[in-house]
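Enquirer: Quick one: this structure, given as structure tokens, is what I'll be asking you about.
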Amino acid sequence: MKRRALLSGAALALGLAGAAHADDPTKVGFVYVGPVGDYGWTATHDAARLEVEEHFGDAVETSYVESVAEGADAERVMTQMALQGHDLIFATSFGFGPDANNVAAQFPDVKFEHATGYQQDHENLSLYNARFYEGRAVIGHIAGHMTETNTIGYIASYPIPEVIHGINSAYIHAREVNPDVRFRVIWLFSWFDPSQEADAANALIEQGADVLMQHTDSSAPISIAQDAGIYAFGQASDMSEFGPDAHLTAILDIWAPYYIERVQAVMDGTWEPQDIWHGFAEGMVELSPLNDAIPEDVRASAMELREAIASGEYHPFTGPLNRQDGTPIVGEGEVISDADLLAMDYYVEGITAELPD
Amino acid sequence: MDLSSINPAVLAASLMVAATPIMLAGIGELISEKSGVLNLGVEGMMITGAVSGFAVAVMTGNPALGFIAAVFAGMALALVFGVITQVLLANHVATGLALTLFGLGLSALIGQGYVGVNPPRTAKLEIPLLADIPVLGRALFGHDLIVYLSILLIAAVWAFLKFTRAGLILRAVGENHDAAHALGYRVVRVRLMAIAFGGACAGLGGAYLSLVRVPQWTEGMTAGAGWIALALVVFAAWRPWRLLVGAYLFGGIVVLQLNLQAADVRIPVHYLAMSPYLITILVLVIISSDRSRAALNAPGSLNRTFHAAQ
């Protein structure tokens with residue numbers, strides 16, 4: 001009885017939202033996989049949420065739920081948001097895909113935006129993603145120059161295509177400037193676990209790594225690198241505060257322009273489902289200021305690489321490229337397709353580590 | 001398999017560091033459960049200890065003061081639980097879960113000004129002579145004070161439960177609170193003290209994370225360590241030395257699998273990562289398969305609300 005009353009109330013609210021659009025603020029909800037204070041992935045989304053608020057002022061009302069587990073919990077949170085009359089919901093983790101699609105099916109009037117996913121079953125669901133591998137190409141280039149032990153440690157989260165092609169992109173560009181470079185990879189099977197990330201950083205250092213990269217969200221490896229006197233790259237946000245000497249640069253995720261554009265589209269009634277993948281060129285991926293420890297010539301060549309990628313002149317996955325087992329991926333001068341990148345489940349030739357199943 | 005690149009001394013040393021937070025939280029929870037109180041708020045007390053210890057260490061520049069603050073912060077939170085469950089007679093499980101949620105939120109609030117701050121480093125206490133022994137010296141005798149303290153605490157708890165009158169009273173309260181009450185023991189007071197001890201240890205374990213193991217403050221940084229500590233108590237069948245073995249085993253598996261991966265040894269990561277929980281379930285099945293044995297291990301009044309009839 002209570003639930004029915006709630007549902008009809010929500011339905012009424014949704015109906016009213018359509019009619020009284022001009023007066024009511026547009027309600028925008030954000031679902032986060034980690035805490036807003038993670039100083040990494042979730043922090044970047046929340047920073048963008050605040051920019052949305054600042055941009056639209058009273059015309060929008062935003063809300064968020066943090067540390068939402070992927071799965072049933074996410075579905076519950078999104079259903080709740082839809083019932084509360086949100087017009088637009090951003091689901092900001094890969095693993096929210098099935099849940100966002102399920103909820104989208106139940107609330108055709110609510111718009112959904114799913115980050116870094118691939119599943120798009122409904123007319124009211126958009127996909128958006130950033131080409132992080134472009135940034136990883138540049139940090140790979142810098143790492144190849146900076147390493148003295150020729151060993152680079154990589155703290156990875158889950159073996160999904162985005163993480164795998166990130167490792168490949170960094171490796172290809174490190175090897176380009178340093179043929180002897182070797183990657184050591186640890187898979188944590190978690191996006192956020194500071195103590196395990198710290199332990200992993202220590203284990204990699206013990207194996208001779210003097211430059212660390214990470215595809216996990218906490219800043220713990222930066223602190224460890226600082227203490228050990230080696231280098232590291234930040235993830236998602238500028239993490240230089242945790243290790244001013246260690247932090248060479250960070251790949252930044254800039255979501256605000258996209259979020260503002262999409263909220264505007266909902267206000268104007270022009271929102272259409274789409275599937276975008278933006279990089280340096282559109283400003284969704286950026287690098288934080290380079291550390292002074294990077295020599296002038298490396299700095300220049302890194303920026304050159306960044307410009308070439310941004311202008312579309314160069315693609316980080318340009319052939320000839322082979323898989324780890326030697327089978328060719330793309331031939332001389334050819335460029336890998338987006339579809340192949342998004343399905344990448346293998347290391348490129350030269351990486352000695354093995355992918356977990 | 002090439003294992004030669006893994007240095008066993010370093011592995012043992014990092015194993016001890018990885019095991020210390022869960023061992024501290026576990027020994028505190030063991031005392032609490034021995035008195036008959038199941039406190040599921042370990043995670044919340046740990047993270048509150050982590051942030052309070054971090055904040056005080058940063059403010060004073062002295063990690064020792066940070067650890068002391070963490071002890072009191074954990075204790076304060078535990079006493080909130082104690083008053084609600086022992087005086088107001090609320091359900092232990094629900095209150096414990098609420099305490100975890102409360103602790104996570106409270107720590108995020110306190111920690112807002114401390115993200116991105118570098119804490120003062122805790123000095124390593126290299127034991128003279130012993131630390132110079134090859135291999136063993138680096139593995140066992142080059143740690144900070146808290147690592148040694150955690151082992152001493154295990155020994156102290158063991159001796160307390162086995163040899164002291166107070167320990168006997170604590171166990172009596174945990175086994176049968178009505179009988180202990182009839183004998184004239186103050187059940188609620190004993191339990192409050194046990195709960196406070198549990199909170200103090202959990203707070204210390206949390207501060208070890210934020211001041212030594214990671215060292216930084218990040219929201220949600222315990223990431224489930226409190227729950228592992230709870231599993232550890234069951235795994236240890238409420239026995240202090242077995243808890244030490246369990247903590248090193250659980251911590252060891254984590255560190256070992258990371259080191260194996262770093263050394264390019266192909267291992268099934270998922271299975272290793274879930275093994276502490278699998279072992280705990282296995283132990284639970286074994287100890288509950290035999291009624292008499294189960295009765296020997298789990299405190300008889302665990303998780304039962306005590307209300308003295310007037």
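Residues are referred to by chain and number: the chain letter is A, B, ... according to the order shown in the structure tokens, the number counts from 1 in that chain, and ligands are numbered separately from 1 in the order shown.
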Please return, as a list in words, all residues of stretch 126-156 of chain B that DSSP assigns to alpha helix (DSSP H) on the basis of the backbone.
Expert: Leu136, Gly137, Arg138, Ala139, Leu140, Leu145, Ile146, Val147, Tyr148, Leu149, Ser150, Ile151, Leu152, Leu153, Ile154, Ala155 and Ala156 of chain B
Enquirer: Give me the residues near stretch 101-115 of chain A as a PDB file with C-alpha atoms, in the first residue's frame, where near means some atom within 10 Å (using only C-alpha atoms) and where sequence neighbours in that chain fewer than 4 positions away do not count.
Expert:
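So the final result, stored in out_16.pdb, reads:
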ATOM      1  CA  ALA A  11       4.461   9.197 -11.348  1.00  0.00           C
ATOM      2  CA  LEU A  14       7.254  12.951 -13.151  1.00  0.00           C
ATOM      3  CA  GLY A  15       4.197  14.097 -15.051  1.00  0.00           C
ATOM      4  CA  GLY A  18       7.196  17.671 -17.815  1.00  0.00           C
ATOM      5  CA  VAL A  28      20.450  15.540 -11.905  1.00  0.00           C
ATOM      6  CA  GLY A  29      21.614  12.463  -9.999  1.00  0.00           C
ATOM      7  CA  PHE A  30      25.097  10.948  -9.822  1.00  0.00           C
ATOM      8  CA  VAL A  31      25.896   7.395  -8.764  1.00  0.00           C
ATOM      9  CA  ALA A  74      23.263   0.240  -7.850  1.00  0.00           C
ATOM     10  CA  GLU A  75      19.905  -0.708  -9.312  1.00  0.00           C
ATOM     11  CA  ARG A  76      18.180   0.174  -6.060  1.00  0.00           C
ATOM     12  CA  VAL A  77      19.939   3.550  -5.853  1.00  0.00           C
ATOM     13  CA  MET A  78      19.065   4.464  -9.431  1.00  0.00           C
ATOM     14  CA  THR A  79      15.452   3.358  -9.028  1.00  0.00           C
ATOM     15  CA  GLN A  80      15.227   5.533  -5.942  1.00  0.00           C
ATOM     16  CA  MET A  81      16.653   8.493  -7.855  1.00  0.00           C
ATOM     17  CA  ALA A  82      14.193   7.990 -10.700  1.00  0.00           C
ATOM     18  CA  LEU A  83      11.301   7.785  -8.238  1.00  0.00           C
ATOM     19  CA  GLY A  85      11.955  12.773  -9.903  1.00  0.00           C
ATOM     20  CA  HIS A  86      15.470  13.057 -11.270  1.00  0.00           C
ATOM     21  CA  ASP A  87      15.509  14.030 -14.929  1.00  0.00           C
ATOM     22  CA  LEU A  88      19.020  12.858 -15.701  1.00  0.00           C
ATOM     23  CA  ILE A  89      21.141  10.211 -13.954  1.00  0.00           C
ATOM     24  CA  PHE A  90      24.866   9.699 -14.446  1.00  0.00           C
ATOM     25  CA  ALA A  91      26.051   6.190 -13.603  1.00  0.00           C
ATOM     26  CA  THR A  92      29.799   6.623 -13.330  1.00  0.00           C
ATOM     27  CA  SER A  93      31.289   3.149 -13.276  1.00  0.00           C
ATOM     28  CA  PHE A  94      31.819   0.416 -15.845  1.00  0.00           C
ATOM     29  CA  GLY A  95      30.074  -2.138 -13.636  1.00  0.00           C
ATOM     30  CA  PHE A  96      26.847  -0.119 -13.388  1.00  0.00           C
ATOM     31  CA  GLY A  97      26.046  -0.998 -17.032  1.00  0.00           C
ATOM     32  CA  GLN A 119      25.604  -1.871 -23.155  1.00  0.00           C
ATOM     33  CA  GLN A 120      22.976   0.450 -24.690  1.00  0.00           C
ATOM     34  CA  ASP A 121      19.611  -1.282 -24.916  1.00  0.00           C
ATOM     35  CA  HIS A 122      17.252   1.658 -24.527  1.00  0.00           C
ATOM     36  CA  GLU A 123      16.428   4.980 -26.187  1.00  0.00           C
ATOM     37  CA  ASN A 124      16.902   6.903 -22.942  1.00  0.00           C
ATOM     38  CA  LEU A 125      20.447   5.715 -22.217  1.00  0.00           C
ATOM     39  CA  SER A 126      23.668   7.277 -23.499  1.00  0.00           C
ATOM     40  CA  LEU A 127      27.218   6.059 -23.219  1.00  0.00           C
ATOM     41  CA  TYR A 128      30.214   8.288 -22.680  1.00  0.00           C
ATOM     42  CA  ASN A 129      33.839   7.429 -22.251  1.00  0.00           C
ATOM     43  CA  ALA A 130      37.262   9.033 -22.329  1.00  0.00           C
ATOM     44  CA  TYR A 259      28.047  17.116 -18.070  1.00  0.00           C
ATOM     45  CA  ARG A 262      24.110  17.094 -21.441  1.00  0.00           C
ATOM     46  CA  VAL A 263      22.231  18.873 -18.665  1.00  0.00           C
ATOM     47  CA  VAL A 266      17.820  17.917 -21.103  1.00  0.00           C
ATOM     48  CA  TRP A 271      18.725  15.239 -25.417  1.00  0.00           C
ATOM     49  CA  GLU A 272      19.338  12.306 -27.743  1.00  0.00           C
ATOM     50  CA  PRO A 273      21.008   8.999 -26.905  1.00  0.00           C
ATOM     51  CA  GLN A 274      24.574   8.825 -28.160  1.00  0.00           C
ATOM     52  CA  ASP A 275      27.771   6.894 -27.678  1.00  0.00           C
ATOM     53  CA  ILE A 276      30.841   9.122 -27.452  1.00  0.00           C
ATOM     54  CA  TRP A 277      34.508   8.458 -26.755  1.00  0.00           C
TER      55      TRP A 277
END
Enquirer: For chain A, list the residues within 8 Å of chain B, counting only C-alpha atoms, and write the list as a PyMOL selection string.
Expert: chain A and resi 35+37-39+153+184-187+189+192-196+198-200+203-204+207+218-220+223-224+239+241-242+352-354+356
Enquirer: Could you save those same residues with N, CA, C and O atoms as a compact mmCIF listing (two decimals), in the first residue's frame?
Expert:
# COMPACT_ATOMS: atom_id res chain seq x y z
N PRO A 35 34.16 6.61 -2.72
CA PRO A 35 33.84 7.81 -1.95
C PRO A 35 34.25 9.08 -2.70
O PRO A 35 35.22 9.05 -3.45
N GLY A 37 35.74 11.48 -1.66
CA GLY A 37 37.07 11.92 -1.23
C GLY A 37 38.17 10.96 -1.64
O GLY A 37 39.21 10.92 -1.01
N ASP A 38 37.99 10.17 -2.70
CA ASP A 38 39.04 9.19 -3.05
C ASP A 38 40.24 9.84 -3.72
O ASP A 38 41.24 9.20 -3.95
N TYR A 39 40.09 11.12 -4.08
CA TYR A 39 41.18 11.84 -4.74
C TYR A 39 41.51 11.22 -6.08
O TYR A 39 42.59 11.39 -6.62
N GLY A 153 56.57 -0.58 -12.90
CA GLY A 153 55.55 -1.33 -12.17
C GLY A 153 54.18 -0.78 -12.50
O GLY A 153 53.99 0.43 -12.58
N ARG A 184 56.10 -4.85 -15.14
CA ARG A 184 55.62 -5.83 -14.17
C ARG A 184 54.23 -5.38 -13.73
O ARG A 184 54.05 -4.23 -13.35
N VAL A 185 53.27 -6.29 -13.81
CA VAL A 185 51.88 -5.90 -13.58
C VAL A 185 51.30 -6.66 -12.40
O VAL A 185 51.50 -7.87 -12.27
N ILE A 186 50.61 -5.95 -11.52
CA ILE A 186 49.87 -6.61 -10.43
C ILE A 186 48.39 -6.29 -10.59
O ILE A 186 48.01 -5.13 -10.75
N TRP A 187 47.58 -7.32 -10.58
CA TRP A 187 46.12 -7.15 -10.66
C TRP A 187 45.54 -7.21 -9.26
O TRP A 187 45.77 -8.17 -8.53
N PHE A 189 42.08 -6.68 -8.59
CA PHE A 189 40.65 -7.02 -8.61
C PHE A 189 39.86 -6.13 -7.67
O PHE A 189 39.03 -6.58 -6.89
N PHE A 192 39.48 0.29 -5.67
CA PHE A 192 39.89 1.18 -4.58
C PHE A 192 40.18 0.37 -3.33
O PHE A 192 39.27 -0.17 -2.72
N ASP A 193 41.43 0.23 -2.97
CA ASP A 193 41.81 -0.47 -1.75
C ASP A 193 43.20 0.03 -1.35
O ASP A 193 44.21 -0.56 -1.70
N PRO A 194 43.24 1.19 -0.64
CA PRO A 194 44.53 1.85 -0.40
C PRO A 194 45.59 0.92 0.19
O PRO A 194 46.75 0.97 -0.24
N SER A 195 45.22 0.05 1.16
CA SER A 195 46.29 -0.74 1.76
C SER A 195 46.85 -1.77 0.80
O SER A 195 48.06 -1.99 0.75
N GLN A 196 45.98 -2.39 -0.01
CA GLN A 196 46.51 -3.33 -1.00
C GLN A 196 47.30 -2.61 -2.08
O GLN A 196 48.28 -3.14 -2.60
N ALA A 198 49.06 0.02 -1.63
CA ALA A 198 50.36 0.32 -1.03
C ALA A 198 51.24 -0.93 -1.01
O ALA A 198 52.41 -0.89 -1.37
N ASP A 199 50.65 -2.08 -0.62
CA ASP A 199 51.41 -3.33 -0.60
C ASP A 199 51.90 -3.69 -2.01
O ASP A 199 53.02 -4.16 -2.18
N ALA A 200 51.02 -3.47 -2.99
CA ALA A 200 51.39 -3.79 -4.37
C ALA A 200 52.55 -2.91 -4.82
O ALA A 200 53.50 -3.38 -5.46
N ALA A 203 55.66 -4.27 -3.37
CA ALA A 203 56.08 -5.51 -4.03
C ALA A 203 56.75 -5.20 -5.37
O ALA A 203 57.75 -5.83 -5.74
N LEU A 204 56.21 -4.22 -6.08
CA LEU A 204 56.79 -3.85 -7.38
C LEU A 204 58.17 -3.22 -7.21
O LEU A 204 59.09 -3.49 -7.98
N GLN A 207 60.72 -5.67 -6.74
CA GLN A 207 61.11 -6.33 -7.99
C GLN A 207 61.88 -5.39 -8.91
O GLN A 207 62.05 -5.68 -10.10
N SER A 218 43.15 5.02 -5.69
CA SER A 218 43.62 5.73 -4.52
C SER A 218 45.02 6.30 -4.76
O SER A 218 45.73 5.90 -5.68
N SER A 219 45.41 7.23 -3.90
CA SER A 219 46.70 7.87 -4.06
C SER A 219 47.79 7.16 -3.24
O SER A 219 48.91 7.66 -3.16
N ALA A 220 47.47 6.01 -2.66
CA ALA A 220 48.44 5.30 -1.82
C ALA A 220 49.77 5.02 -2.53
O ALA A 220 50.83 5.25 -1.94
N SER A 223 52.27 7.93 -2.31
CA SER A 223 52.96 8.07 -1.01
C SER A 223 54.11 7.09 -0.89
O SER A 223 55.19 7.43 -0.41
N ILE A 224 53.86 5.84 -1.31
CA ILE A 224 54.90 4.81 -1.21
C ILE A 224 56.08 5.18 -2.12
O ILE A 224 57.24 5.05 -1.73
N MET A 239 47.67 14.19 -8.18
CA MET A 239 47.93 13.64 -6.85
C MET A 239 49.28 14.12 -6.32
O MET A 239 49.85 13.49 -5.42
N GLU A 241 50.23 16.34 -4.36
CA GLU A 241 50.33 16.65 -2.93
C GLU A 241 50.84 15.46 -2.12
O GLU A 241 51.47 15.64 -1.08
N PHE A 242 50.53 14.24 -2.59
CA PHE A 242 50.92 13.05 -1.83
C PHE A 242 52.39 12.70 -2.03
O PHE A 242 52.94 11.90 -1.28
N THR A 352 56.04 -9.34 -20.83
CA THR A 352 56.34 -10.70 -20.41
C THR A 352 55.32 -11.24 -19.42
O THR A 352 55.24 -12.44 -19.19
N ALA A 353 54.56 -10.35 -18.80
CA ALA A 353 53.57 -10.81 -17.83
C ALA A 353 52.47 -11.58 -18.55
O ALA A 353 52.35 -11.52 -19.76
N GLU A 354 51.68 -12.30 -17.77
CA GLU A 354 50.55 -13.00 -18.36
C GLU A 354 49.26 -12.44 -17.82
O GLU A 354 49.16 -12.10 -16.65
N PRO A 356 45.62 -12.46 -16.31
CA PRO A 356 44.81 -13.43 -15.56
C PRO A 356 43.57 -13.80 -16.38
O PRO A 356 43.16 -13.03 -17.25
Enquirer: Near B:Phe141, within 10 Å and counting only C-alpha atoms, which residues show up once chain neighbours fewer than 2 positions away are dropped, as an NGL selection string?
Expert: :B and (13 or 124-133 or 135-139 or 143-144 or 147-148)
Enquirer: Just the number, please: distance in Å from atom CA of B:Leu145 to atom CA of B:Ala196, one decimal.
Expert: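 We find that atom CA of B:Leu145 and atom CA of B:Ala196 lie 22.2 Å from each other.
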